[in-house]
$ cat model21.pdb   # PDB, C-alpha atoms and all ligand atoms
ATOM      1  CA  MET K  16       7.774  66.283 -57.928
ATOM      2  CA  ARG K  17       6.266  63.051 -56.632
ATOM      3  CA  VAL K  18       3.294  61.919 -58.698
ATOM      4  CA  ILE K  19       0.652  59.295 -57.858
ATOM      5  CA  ASP K  20      -1.529  57.980 -60.666
ATOM      6  CA  ALA K  21      -4.443  57.228 -58.355
ATOM      7  CA  HIS K  22      -6.538  55.307 -60.887
ATOM      8  CA  ILE K  23      -4.853  52.875 -63.235
ATOM      9  CA  HIS K  24      -5.047  49.224 -64.308
ATOM     10  CA  LEU K  25      -1.480  48.270 -65.144
ATOM     11  CA  ALA K  26      -0.418  44.830 -63.913
ATOM     12  CA  ASP K  27       3.142  45.157 -65.125
ATOM     13  CA  ASP K  28       6.319  45.363 -63.078
ATOM     14  CA  HIS K  29       8.678  44.615 -65.932
ATOM     15  CA  PRO K  30      12.094  46.147 -65.011
ATOM     16  CA  GLN K  31      11.763  48.723 -67.778
ATOM     17  CA  VAL K  32       8.368  49.824 -66.491
ATOM     18  CA  VAL K  33       9.728  50.109 -62.950
ATOM     19  CA  LYS K  34      12.639  52.135 -64.305
ATOM     20  CA  LEU K  35      10.270  54.466 -66.146
ATOM     21  CA  LEU K  36       8.251  54.970 -62.951
ATOM     22  CA  GLU K  37      11.471  55.793 -61.079
ATOM     23  CA  THR K  38      12.475  58.319 -63.724
ATOM     24  CA  LEU K  39       9.063  59.992 -63.569
ATOM     25  CA  GLU K  40       8.912  59.799 -59.713
ATOM     26  CA  LEU K  41       5.607  58.075 -60.284
ATOM     27  CA  LYS K  42       3.641  55.642 -58.128
ATOM     28  CA  LEU K  43       0.624  53.732 -59.439
ATOM     29  CA  LEU K  44      -2.544  52.856 -57.574
ATOM     30  CA  ASN K  45      -3.766  49.776 -59.437
ATOM     31  CA  VAL K  46      -7.508  49.280 -59.183
ATOM     32  CA  ALA K  47      -9.241  45.888 -59.276
ATOM     33  CA  VAL K  48     -12.625  45.707 -61.028
ATOM     34  CA  ALA K  49     -15.218  42.944 -60.528
ATOM     35  CA  HIS K  50     -17.069  42.688 -63.839
ATOM     36  CA  ASP K  51     -19.203  39.790 -62.612
ATOM     37  CA  ARG K  52     -19.442  37.103 -59.928
ATOM     38  CA  SER K  53     -16.932  34.761 -61.599
ATOM     39  CA  GLY K  54     -14.076  35.875 -59.331
ATOM     40  CA  ALA K  55     -11.934  36.351 -62.450
ATOM     41  CA  TRP K  56     -10.792  39.718 -61.103
ATOM     42  CA  ARG K  57      -8.801  37.925 -58.401
ATOM     43  CA  ALA K  58      -5.995  36.901 -60.782
ATOM     44  CA  ARG K  59      -5.460  40.507 -61.821
ATOM     45  CA  ALA K  60      -5.704  41.704 -58.210
ATOM     46  CA  ALA K  61      -3.026  39.158 -57.258
ATOM     47  CA  ALA K  62      -0.722  40.675 -59.881
ATOM     48  CA  TYR K  63      -1.433  44.155 -58.496
ATOM     49  CA  ARG K  64      -0.647  42.889 -54.988
ATOM     50  CA  ARG K  65       2.604  41.206 -56.058
ATOM     51  CA  ALA K  66       3.815  44.387 -57.761
ATOM     52  CA  SER K  67       3.095  46.404 -54.608
ATOM     53  CA  GLU K  68       4.918  43.873 -52.442
ATOM     54  CA  LEU K  69       7.977  43.812 -54.699
ATOM     55  CA  HIS K  70       8.068  47.563 -55.390
ATOM     56  CA  PRO K  71       6.227  49.357 -52.592
ATOM     57  CA  GLN K  72       7.662  52.698 -53.737
ATOM     58  CA  ARG K  73       6.088  52.334 -57.181
ATOM     59  CA  TYR K  74       2.847  50.360 -56.809
ATOM     60  CA  ALA K  75      -0.128  50.257 -54.487
ATOM     61  CA  TRP K  76      -3.423  48.455 -55.020
ATOM     62  CA  CYS K  77      -7.121  48.799 -54.441
ATOM     63  CA  THR K  78      -9.279  45.702 -54.067
ATOM     64  CA  THR K  79     -12.950  45.115 -54.804
ATOM     65  CA  PHE K  80     -15.686  42.583 -53.986
ATOM     66  CA  ASP K  81     -18.037  40.296 -55.874
ATOM     67  CA  PRO K  82     -21.413  41.830 -56.727
ATOM     68  CA  PRO K  83     -24.405  40.017 -55.231
ATOM     69  CA  ASN K  84     -26.471  37.397 -56.984
ATOM     70  CA  LEU K  85     -30.015  38.650 -56.548
ATOM     71  CA  GLN K  86     -31.739  35.987 -58.589
ATOM     72  CA  THR K  87     -32.248  33.533 -55.731
ATOM     73  CA  GLU K  88     -35.477  33.439 -53.818
ATOM     74  CA  ASP K  89     -34.252  34.753 -50.475
ATOM     75  CA  SER K  90     -31.778  37.307 -51.853
ATOM     76  CA  ALA K  91     -34.098  40.241 -51.275
ATOM     77  CA  GLU K  92     -34.788  39.181 -47.694
ATOM     78  CA  GLU K  93     -32.776  40.075 -44.660
ATOM     79  CA  VAL K  94     -31.343  36.564 -44.524
ATOM     80  CA  GLY K  95     -30.079  36.943 -48.089
ATOM     81  CA  ARG K  96     -28.520  40.299 -47.315
ATOM     82  CA  ASP K  97     -26.792  38.845 -44.244
ATOM     83  CA  ALA K  98     -25.426  35.962 -46.272
ATOM     84  CA  TYR K  99     -24.044  38.365 -48.859
ATOM     85  CA  ILE K 100     -22.198  40.456 -46.292
ATOM     86  CA  ARG K 101     -20.799  37.305 -44.681
ATOM     87  CA  GLU K 102     -19.572  36.292 -48.143
ATOM     88  CA  ILE K 103     -17.756  39.513 -49.056
ATOM     89  CA  ILE K 104     -16.292  40.841 -45.788
ATOM     90  CA  PRO K 105     -13.737  38.089 -44.988
ATOM     91  CA  PRO K 106     -11.958  38.296 -48.380
ATOM     92  CA  LEU K 107     -12.015  42.078 -48.108
ATOM     93  CA  GLU K 108     -10.409  41.900 -44.658
ATOM     94  CA  ALA K 109      -7.788  39.528 -46.030
ATOM     95  CA  ASP K 110      -6.983  41.903 -48.896
ATOM     96  CA  LEU K 111      -6.626  44.819 -46.488
ATOM     97  CA  LEU K 112      -4.189  42.759 -44.415
ATOM     98  CA  ARG K 113      -2.294  42.066 -47.629
ATOM     99  CA  GLY K 114      -1.843  45.739 -48.326
ATOM    100  CA  ALA K 115      -4.905  46.878 -50.270
ATOM    101  CA  ILE K 116      -5.549  50.540 -49.459
ATOM    102  CA  GLY K 117      -9.005  51.011 -50.931
ATOM    103  CA  CYS K 118     -12.078  49.252 -52.245
ATOM    104  CA  LYS K 119     -13.637  49.797 -55.646
ATOM    105  CA  VAL K 120     -17.239  49.536 -56.752
ATOM    106  CA  TRP K 121     -18.105  49.449 -60.442
ATOM    107  CA  LYS K 122     -20.801  50.706 -62.787
ATOM    108  CA  ASN K 123     -22.439  47.287 -63.166
ATOM    109  CA  ILE K 124     -24.154  48.278 -59.927
ATOM    110  CA  GLY K 125     -26.864  50.633 -61.125
ATOM    111  CA  MET K 126     -26.531  49.863 -64.830
ATOM    112  CA  GLN K 127     -26.435  46.103 -65.319
ATOM    113  CA  ILE K 128     -27.299  43.927 -62.321
ATOM    114  CA  ARG K 129     -30.993  43.357 -61.776
ATOM    115  CA  LYS K 130     -32.907  42.052 -58.830
ATOM    116  CA  ARG K 131     -35.301  39.136 -59.099
ATOM    117  CA  SER K 132     -38.090  41.705 -59.418
ATOM    118  CA  GLY K 133     -36.444  43.054 -62.584
ATOM    119  CA  GLU K 134     -35.482  46.336 -60.921
ATOM    120  CA  PHE K 135     -31.881  47.455 -61.212
ATOM    121  CA  LEU K 136     -29.686  47.064 -58.134
ATOM    122  CA  MET K 137     -28.716  50.588 -57.121
ATOM    123  CA  ILE K 138     -25.680  51.696 -55.148
ATOM    124  CA  ASP K 139     -27.846  52.895 -52.253
ATOM    125  CA  ASP K 140     -29.567  49.520 -51.875
ATOM    126  CA  PRO K 141     -29.637  48.512 -48.179
ATOM    127  CA  ILE K 142     -27.695  45.373 -49.073
ATOM    128  CA  PHE K 143     -24.538  47.514 -49.165
ATOM    129  CA  ASP K 144     -25.050  49.429 -45.896
ATOM    130  CA  PRO K 145     -23.053  46.961 -43.744
ATOM    131  CA  LEU K 146     -20.208  47.134 -46.293
ATOM    132  CA  TYR K 147     -20.149  50.929 -46.074
ATOM    133  CA  ALA K 148     -20.163  50.766 -42.275
ATOM    134  CA  PHE K 149     -17.285  48.272 -42.356
ATOM    135  CA  LEU K 150     -15.198  50.468 -44.681
ATOM    136  CA  ALA K 151     -15.910  53.610 -42.649
ATOM    137  CA  ASP K 152     -14.892  51.848 -39.402
ATOM    138  CA  ALA K 153     -11.681  50.601 -41.040
ATOM    139  CA  ASP K 154     -10.969  54.054 -42.557
ATOM    140  CA  VAL K 155     -10.783  52.449 -45.997
ATOM    141  CA  PRO K 156     -11.861  54.712 -48.863
ATOM    142  CA  LEU K 157     -14.377  53.539 -51.431
ATOM    143  CA  LEU K 158     -13.575  54.316 -55.055
ATOM    144  CA  MET K 159     -16.945  54.611 -56.765
ATOM    145  CA  HIS K 160     -17.353  54.287 -60.476
ATOM    146  CA  ILE K 161     -21.105  54.782 -60.589
ATOM    147  CA  GLY K 162     -22.864  55.770 -63.778
ATOM    148  CA  GLU K 163     -21.197  56.917 -66.937
ATOM    149  CA  PRO K 164     -20.468  60.269 -68.544
ATOM    150  CA  LEU K 165     -23.654  62.119 -69.417
ATOM    151  CA  ALA K 166     -22.602  61.527 -73.036
ATOM    152  CA  CYS K 167     -23.685  57.887 -72.550
ATOM    153  CA  TRP K 168     -27.327  59.066 -72.707
ATOM    154  CA  LEU K 169     -26.836  61.552 -75.566
ATOM    155  CA  PRO K 170     -26.802  61.044 -79.355
ATOM    156  CA  LEU K 171     -23.518  59.646 -80.679
ATOM    157  CA  ASP K 172     -22.806  62.598 -82.954
ATOM    158  CA  ASP K 173     -19.650  64.619 -83.555
ATOM    159  CA  ASP K 174     -20.363  66.782 -80.535
ATOM    160  CA  ASN K 175     -20.387  63.781 -78.180
ATOM    161  CA  PRO K 176     -16.943  63.581 -76.504
ATOM    162  CA  HIS K 177     -17.336  59.865 -75.735
ATOM    163  CA  ALA K 178     -19.033  58.725 -78.950
ATOM    164  CA  GLU K 179     -16.116  56.523 -79.962
ATOM    165  CA  TYR K 180     -16.256  54.518 -76.734
ATOM    166  CA  TYR K 181     -20.025  53.901 -76.960
ATOM    167  CA  ARG K 182     -19.860  52.989 -80.633
ATOM    168  CA  THR K 183     -17.454  50.187 -79.727
ATOM    169  CA  HIS K 184     -19.076  49.355 -76.353
ATOM    170  CA  SER K 185     -22.727  49.472 -77.342
ATOM    171  CA  GLU K 186     -23.637  47.265 -74.358
ATOM    172  CA  TRP K 187     -23.009  50.319 -72.163
ATOM    173  CA  TYR K 188     -24.689  52.873 -74.424
ATOM    174  CA  MET K 189     -27.814  54.058 -72.629
ATOM    175  CA  GLY K 190     -29.160  56.219 -75.441
ATOM    176  CA  SER K 191     -30.747  53.037 -76.774
ATOM    177  CA  LYS K 192     -31.858  51.594 -73.391
ATOM    178  CA  PRO K 193     -34.706  53.724 -72.069
ATOM    179  CA  ASP K 194     -35.674  51.045 -69.511
ATOM    180  CA  HIS K 195     -32.337  51.494 -67.683
ATOM    181  CA  PRO K 196     -31.802  54.052 -64.878
ATOM    182  CA  THR K 197     -31.132  57.589 -66.066
ATOM    183  CA  HIS K 198     -27.921  59.478 -65.377
ATOM    184  CA  GLY K 199     -29.848  61.572 -62.855
ATOM    185  CA  ALA K 200     -31.181  58.508 -61.030
ATOM    186  CA  LEU K 201     -27.673  57.039 -60.737
ATOM    187  CA  MET K 202     -26.247  60.293 -59.398
ATOM    188  CA  ALA K 203     -29.103  60.644 -56.910
ATOM    189  CA  ALA K 204     -28.485  57.103 -55.605
ATOM    190  CA  ARG K 205     -24.761  57.857 -55.189
ATOM    191  CA  ASP K 206     -25.600  61.124 -53.419
ATOM    192  CA  ARG K 207     -27.865  59.277 -50.992
ATOM    193  CA  VAL K 208     -24.963  57.002 -50.033
ATOM    194  CA  LEU K 209     -22.763  60.054 -49.392
ATOM    195  CA  ALA K 210     -25.470  61.570 -47.190
ATOM    196  CA  ARG K 211     -26.283  58.369 -45.328
ATOM    197  CA  HIS K 212     -22.632  57.449 -44.599
ATOM    198  CA  PRO K 213     -20.820  60.691 -43.729
ATOM    199  CA  ARG K 214     -17.861  58.818 -42.189
ATOM    200  CA  LEU K 215     -17.284  56.823 -45.384
ATOM    201  CA  LYS K 216     -14.627  58.404 -47.580
ATOM    202  CA  VAL K 217     -15.731  58.212 -51.199
ATOM    203  CA  ILE K 218     -13.625  59.023 -54.235
ATOM    204  CA  GLY K 219     -15.806  59.530 -57.300
ATOM    205  CA  ALA K 220     -13.960  57.977 -60.229
ATOM    206  CA  HIS K 221     -13.988  59.849 -63.535
ATOM    207  CA  LEU K 222     -14.906  63.191 -61.911
ATOM    208  CA  GLY K 223     -17.773  61.449 -60.160
ATOM    209  CA  SER K 224     -19.531  60.943 -63.534
ATOM    210  CA  LEU K 225     -20.289  64.689 -63.471
ATOM    211  CA  GLU K 226     -17.544  65.479 -65.994
ATOM    212  CA  TYR K 227     -19.844  67.550 -68.246
ATOM    213  CA  ASP K 228     -20.111  70.456 -65.804
ATOM    214  CA  ILE K 229     -17.637  71.363 -63.068
ATOM    215  CA  ALA K 230     -20.446  73.295 -61.320
ATOM    216  CA  GLU K 231     -22.233  69.964 -60.741
ATOM    217  CA  ILE K 232     -19.076  68.496 -59.189
ATOM    218  CA  ALA K 233     -18.583  71.607 -57.058
ATOM    219  CA  GLU K 234     -22.135  71.335 -55.759
ATOM    220  CA  ARG K 235     -21.486  67.768 -54.499
ATOM    221  CA  LEU K 236     -18.112  68.696 -53.021
ATOM    222  CA  ASP K 237     -19.808  71.531 -51.113
ATOM    223  CA  ARG K 238     -22.600  69.296 -49.907
ATOM    224  CA  TYR K 239     -20.620  66.149 -49.023
ATOM    225  CA  HIS K 240     -17.375  66.624 -47.132
ATOM    226  CA  ASN K 241     -16.654  62.898 -47.414
ATOM    227  CA  PHE K 242     -16.425  63.172 -51.215
ATOM    228  CA  ALA K 243     -13.467  63.707 -53.552
ATOM    229  CA  VAL K 244     -13.057  62.984 -57.256
ATOM    230  CA  ASP K 245     -10.360  61.590 -59.505
ATOM    231  CA  THR K 246      -9.716  62.943 -62.998
ATOM    232  CA  SER K 247      -9.199  59.554 -64.650
ATOM    233  CA  ALA K 248     -10.065  59.400 -68.346
ATOM    234  CA  ARG K 249     -11.898  62.734 -68.236
ATOM    235  CA  LEU K 250      -9.260  65.275 -69.289
ATOM    236  CA  ARG K 251     -11.071  65.829 -72.579
ATOM    237  CA  ASP K 252     -14.198  66.798 -70.657
ATOM    238  CA  LEU K 253     -12.276  69.379 -68.643
ATOM    239  CA  ALA K 254     -10.575  70.712 -71.772
ATOM    240  CA  ARG K 255     -14.015  71.339 -73.378
ATOM    241  CA  GLN K 256     -15.101  73.675 -70.574
ATOM    242  CA  ASP K 257     -14.133  77.297 -69.977
ATOM    243  CA  ARG K 258     -10.461  77.256 -69.058
ATOM    244  CA  GLU K 259     -10.692  80.050 -66.468
ATOM    245  CA  GLN K 260     -13.624  78.382 -64.732
ATOM    246  CA  VAL K 261     -11.873  75.009 -64.699
ATOM    247  CA  ARG K 262      -8.772  76.652 -63.278
ATOM    248  CA  GLN K 263     -10.844  78.321 -60.556
ATOM    249  CA  PHE K 264     -12.502  74.973 -59.802
ATOM    250  CA  PHE K 265      -9.060  73.437 -59.187
ATOM    251  CA  LEU K 266      -8.099  76.360 -56.950
ATOM    252  CA  ASP K 267     -11.357  76.187 -54.978
ATOM    253  CA  TYR K 268     -11.279  72.411 -54.505
ATOM    254  CA  GLN K 269      -7.521  71.890 -54.471
ATOM    255  CA  ASP K 270      -7.762  69.370 -51.585
ATOM    256  CA  ARG K 271     -10.460  67.202 -53.205
ATOM    257  CA  ILE K 272      -9.191  66.382 -56.726
ATOM    258  CA  LEU K 273      -6.892  63.396 -57.360
ATOM    259  CA  PHE K 274      -4.875  62.830 -60.502
ATOM    260  CA  GLY K 275      -5.514  59.546 -62.328
ATOM    261  CA  THR K 276      -5.300  58.350 -65.917
ATOM    262  CA  ASP K 277      -7.323  55.094 -66.086
ATOM    263  CA  ILE K 278      -4.682  53.596 -68.373
ATOM    264  CA  VAL K 279      -5.735  49.984 -68.969
ATOM    265  CA  GLN K 280      -3.083  47.504 -69.994
ATOM    266  CA  ARG K 281      -3.816  43.847 -70.482
ATOM    267  CA  ARG K 282      -0.560  42.455 -71.968
ATOM    268  CA  PRO K 283       2.475  43.083 -69.770
ATOM    269  CA  CYS K 284       5.750  44.242 -71.325
ATOM    270  CA  GLY K 285       7.281  40.806 -70.737
ATOM    271  CA  ASP K 286       4.926  39.398 -73.408
ATOM    272  CA  LEU K 287       6.048  41.923 -76.026
ATOM    273  CA  ASP K 288       9.060  41.840 -78.329
ATOM    274  CA  ALA K 289      11.696  44.526 -77.846
ATOM    275  CA  ALA K 290      10.290  46.915 -80.443
ATOM    276  CA  ALA K 291       6.726  46.674 -79.150
ATOM    277  CA  ARG K 292       8.028  47.124 -75.616
ATOM    278  CA  GLU K 293       9.860  50.324 -76.556
ATOM    279  CA  ALA K 294       6.732  51.632 -78.248
ATOM    280  CA  ARG K 295       4.648  50.791 -75.169
ATOM    281  CA  LEU K 296       7.077  52.569 -72.836
ATOM    282  CA  GLU K 297       7.175  55.619 -75.068
ATOM    283  CA  SER K 298       3.406  55.827 -75.236
ATOM    284  CA  LEU K 299       3.075  55.439 -71.452
ATOM    285  CA  GLN K 300       5.631  58.172 -70.871
ATOM    286  CA  ALA K 301       3.944  60.471 -73.402
ATOM    287  CA  ARG K 302       0.531  59.932 -71.821
ATOM    288  CA  TRP K 303       1.717  60.674 -68.286
ATOM    289  CA  SER K 304       3.789  63.664 -69.371
ATOM    290  CA  ARG K 305       0.895  65.128 -71.348
ATOM    291  CA  GLU K 306      -1.630  64.716 -68.553
ATOM    292  CA  ILE K 307       0.716  66.087 -65.887
ATOM    293  CA  ALA K 308       1.548  69.055 -68.132
ATOM    294  CA  TYR K 309      -2.160  69.946 -68.349
ATOM    295  CA  TYR K 310      -2.164  70.886 -64.653
ATOM    296  CA  ALA K 311       1.287  72.430 -64.456
ATOM    297  CA  GLU K 312       1.771  74.246 -67.737
ATOM    298  CA  GLY K 313       0.147  76.878 -69.932
ATOM    299  CA  GLU K 314      -0.214  76.435 -73.668
ATOM    300  CA  MET K 315       0.725  72.954 -74.861
ATOM    301  CA  VAL K 316       1.061  71.458 -78.320
ATOM    302  CA  LEU K 317      -0.264  67.901 -78.457
ATOM    303  CA  PRO K 318       1.362  65.204 -80.619
ATOM    304  CA  THR K 319      -1.626  65.592 -82.962
ATOM    305  CA  GLY K 320      -0.594  69.221 -83.539
ATOM    306  CA  HIS K 321      -3.628  70.562 -81.637
ATOM    307  CA  ARG K 322      -3.024  73.292 -79.112
ATOM    308  CA  LEU K 323      -4.352  72.846 -75.602
ATOM    309  CA  GLN K 324      -4.479  75.489 -72.921
ATOM    310  CA  GLY K 325      -3.124  73.924 -69.743
ATOM    311  CA  LEU K 326      -4.243  75.171 -66.338
ATOM    312  CA  ALA K 327      -0.825  76.474 -65.175
ATOM    313  CA  LEU K 328      -1.840  75.936 -61.553
ATOM    314  CA  PRO K 329       0.373  77.210 -58.719
ATOM    315  CA  TYR K 330       3.135  74.788 -57.736
ATOM    316  CA  GLU K 331       1.597  73.798 -54.395
ATOM    317  CA  VAL K 332      -1.804  73.119 -55.995
ATOM    318  CA  VAL K 333      -0.166  70.950 -58.660
ATOM    319  CA  GLY K 334       1.527  69.039 -55.829
ATOM    320  CA  LYS K 335      -1.793  68.394 -54.100
ATOM    321  CA  VAL K 336      -3.557  67.238 -57.267
ATOM    322  CA  LEU K 337      -0.669  65.063 -58.436
ATOM    323  CA  SER K 338       0.103  63.357 -55.099
ATOM    324  CA  GLY K 339      -0.817  65.169 -51.873
ATOM    325  CA  ASN K 340      -4.541  64.503 -52.164
ATOM    326  CA  ALA K 341      -4.007  60.822 -52.981
ATOM    327  CA  GLU K 342      -1.843  60.563 -49.859
ATOM    328  CA  ARG K 343      -4.635  62.044 -47.725
ATOM    329  CA  TRP K 344      -7.594  60.236 -49.277
ATOM    330  CA  TYR K 345      -5.867  56.849 -49.585
ATOM    331  CA  PRO K 346      -3.956  56.478 -46.316
ATOM    332  CA  GLY K 347      -0.891  54.339 -46.851
ATOM    333  CA  VAL K 348      -0.528  54.940 -50.588
TER
HETATM  334 ZN    ZN J 401     -10.753  52.440 -64.283
END

$ encode --input "model21.pdb" --output "structure tokens"
Amino acid sequence: MRVIDAHIHLADDHPQVVKLLETLELKLLNVAVAHDRSGAWRARAAAYRRASELHPQRYAWCTTFDPPNLQTEDSAEEVGRDAYIREIIPPLEADLLRGAIGCKVWKNIGMQIRKRSGEFLMIDDPIFDPLYAFLADADVPLLMHIGEPLACWLPLDDDNPHAEYYRTHSEWYMGSKPDHPTHGALMAARDRVLARHPRLKVIGAHLGSLEYDIAEIAERLDRYHNFAVDTSARLRDLARQDREQVRQFFLDYQDRILFGTDIVQRRPCGDLDAAAREARLESLQARWSREIAYYAEGEMVLPTGHRLQGLALPYEVVGKVLSGNAERWYPGV
């Protein structure tokens, strides 16, 4: 069965990686992320683009854009907003001509970037409306990583499924930042974009940051027909919920859920010695196999010895989640 990992950051087309992808019938959608206005993301995006040009069967790529600088005097004014759009659209158009099939927006919008007034820049700020109109006209989907798991606002105790991440990435831990927007405020801003731009196709990364309750995801999918979600890095959140309800969720929304892993790899295989390369390839294969098995199979035994109840979805639903939905939501993938 063809599989598309619709959310990954793996700038590596080492022959052994390409061979592994062939064996697994796997294609990767590499996603660029703009952490700041330095433009540093462009080097990584260029590697994603090269891989997709050399191996179009195995790699596709999703571009992004620089966030605005809102610290200048006129940035809040219409003239500042116009200047920003004139700055970001031409490179975006160029990337689309060079094969990018989507555009990504990251969590720094809503959680990190402030306006001159001190307020946080939210995803529904009018500064982005022309961008959304442009993407909708071009039929280019927007991959939105807005907000964080709800766990980001909760105590970092043993019950918190993402405690490890926030212990090591305290800059993103919101439990200690009461002056930052709440999870609810971030979701409401995202929802307003979905409502205001019904022709814009939006894929909510990481289960749309509503991973803690599939009923919350279902509510948005019912309300916004331009919305889909990817599963990247949120399998543990699904596995914590009632298995029968999660299975029913996948049956009910079988056209709106895209498989993704969010594997992040900074050093390509070519930089590793043979032993490290073998270990890397084995761990990649194990990760993909395990995640794919969760949708297709029943009871699984993880390498840790833990048992996990897979969803054992019908064959055609597995096909949609693993590749069919990516093909529909990301035209050209
Ligand atoms: Zn990611």

$ residues_around --input "model21.pdb" --residues "K:Val244" --least-positions-apart "2" --cutoff "7 Å" --atoms "only C-alpha atoms" --output "count of residues only"
10

$ closest_residue --input "model21.pdb" --among "K:Ala66, K:Ala26, K:Leu146, K:Ala248" --to "K:Tyr180" --atoms "only C-alpha atoms"
K:Ala248

$ resolve_selection --input "model21.pdb" --expression "the PyMOL selection byres (((chain K and resi 240) around 12) and not hetatm)" --output "list of chain:residue names"
K:Asp206, K:Leu209, K:Ala210, K:His212, K:Pro213, K:Arg214, K:Leu215, K:Lys216, K:Val217, K:Ile218, K:Ala233, K:Glu234, K:Arg235, K:Leu236, K:Asp237, K:Arg238, K:Tyr239, K:Asn241, K:Phe242, K:Ala243, K:Val244, K:Tyr268, K:Asp270, K:Arg271, K:Trp344

$ closest_atom_pairs --input "model21.pdb" --of "chain K" --to "ligand ZN 401 (chain J)" --cutoff "7 Å" --atoms "all atoms listed in the file" --output "Markdown table"
| residue | atom | partner | partner_atom | distance |
| --- | --- | --- | --- | --- |
| K:His22 | CA | J:ZN401 | ZN | 6.1 |
| K:Ile23 | CA | J:ZN401 | ZN | 6.0 |
| K:His24 | CA | J:ZN401 | ZN | 6.5 |
| K:Val46 | CA | J:ZN401 | ZN | 6.8 |
| K:Asp277 | CA | J:ZN401 | ZN | 4.7 |

$ atom_distance --input "model21.pdb" --atom1 "atom CA of K:Asp81" --atom2 "atom CA of K:Gly54"
6.9 Å

$ resolve_selection --input "model21.pdb" --expression "the PyMOL selection byres (((chain K and resi 80) around 9) and not hetatm)" --output "MDAnalysis selection string"
chainID K and resid 47:49 52 54 78:79 81:82 103:104 106:107 118:120

$ atom_distance --input "model21.pdb" --atom1 "atom CA of K:Ile142" --atom2 "atom CA of K:Lys192"
25.4 Å

$ resolve_selection --input "model21.pdb" --expression "the PyMOL selection byres (((chain K and resi 76) around 7) and not hetatm)" --output "PyMOL selection string"
chain K and resi 44-46+63-64+67+74-75+77-78+115-116

$ closest_residue --input "model21.pdb" --among "K:Ile232, K:Val348, K:Leu296, K:Val332" --to "K:Leu36" --atoms "all atoms listed in the file"
K:Leu296

$ atom_distance --input "model21.pdb" --atom1 "atom CA of K:Trp303" --atom2 "atom CA of K:Thr276"
7.8 Å

$ closest_residue --input "model21.pdb" --among "K:Ala311, K:Val279, K:Ile100, K:Val155" --to "K:Glu331" --atoms "all atoms listed in the file"
K:Ala311

$ residues_around --input "model21.pdb" --residues "K:Trp187" --least-positions-apart "2" --cutoff "9 Å" --atoms "all atoms listed in the file" --output "list in words"
Met126, Gln127, Glu163, Cys167, Tyr181, His184, Ser185 and Met189 of chain K
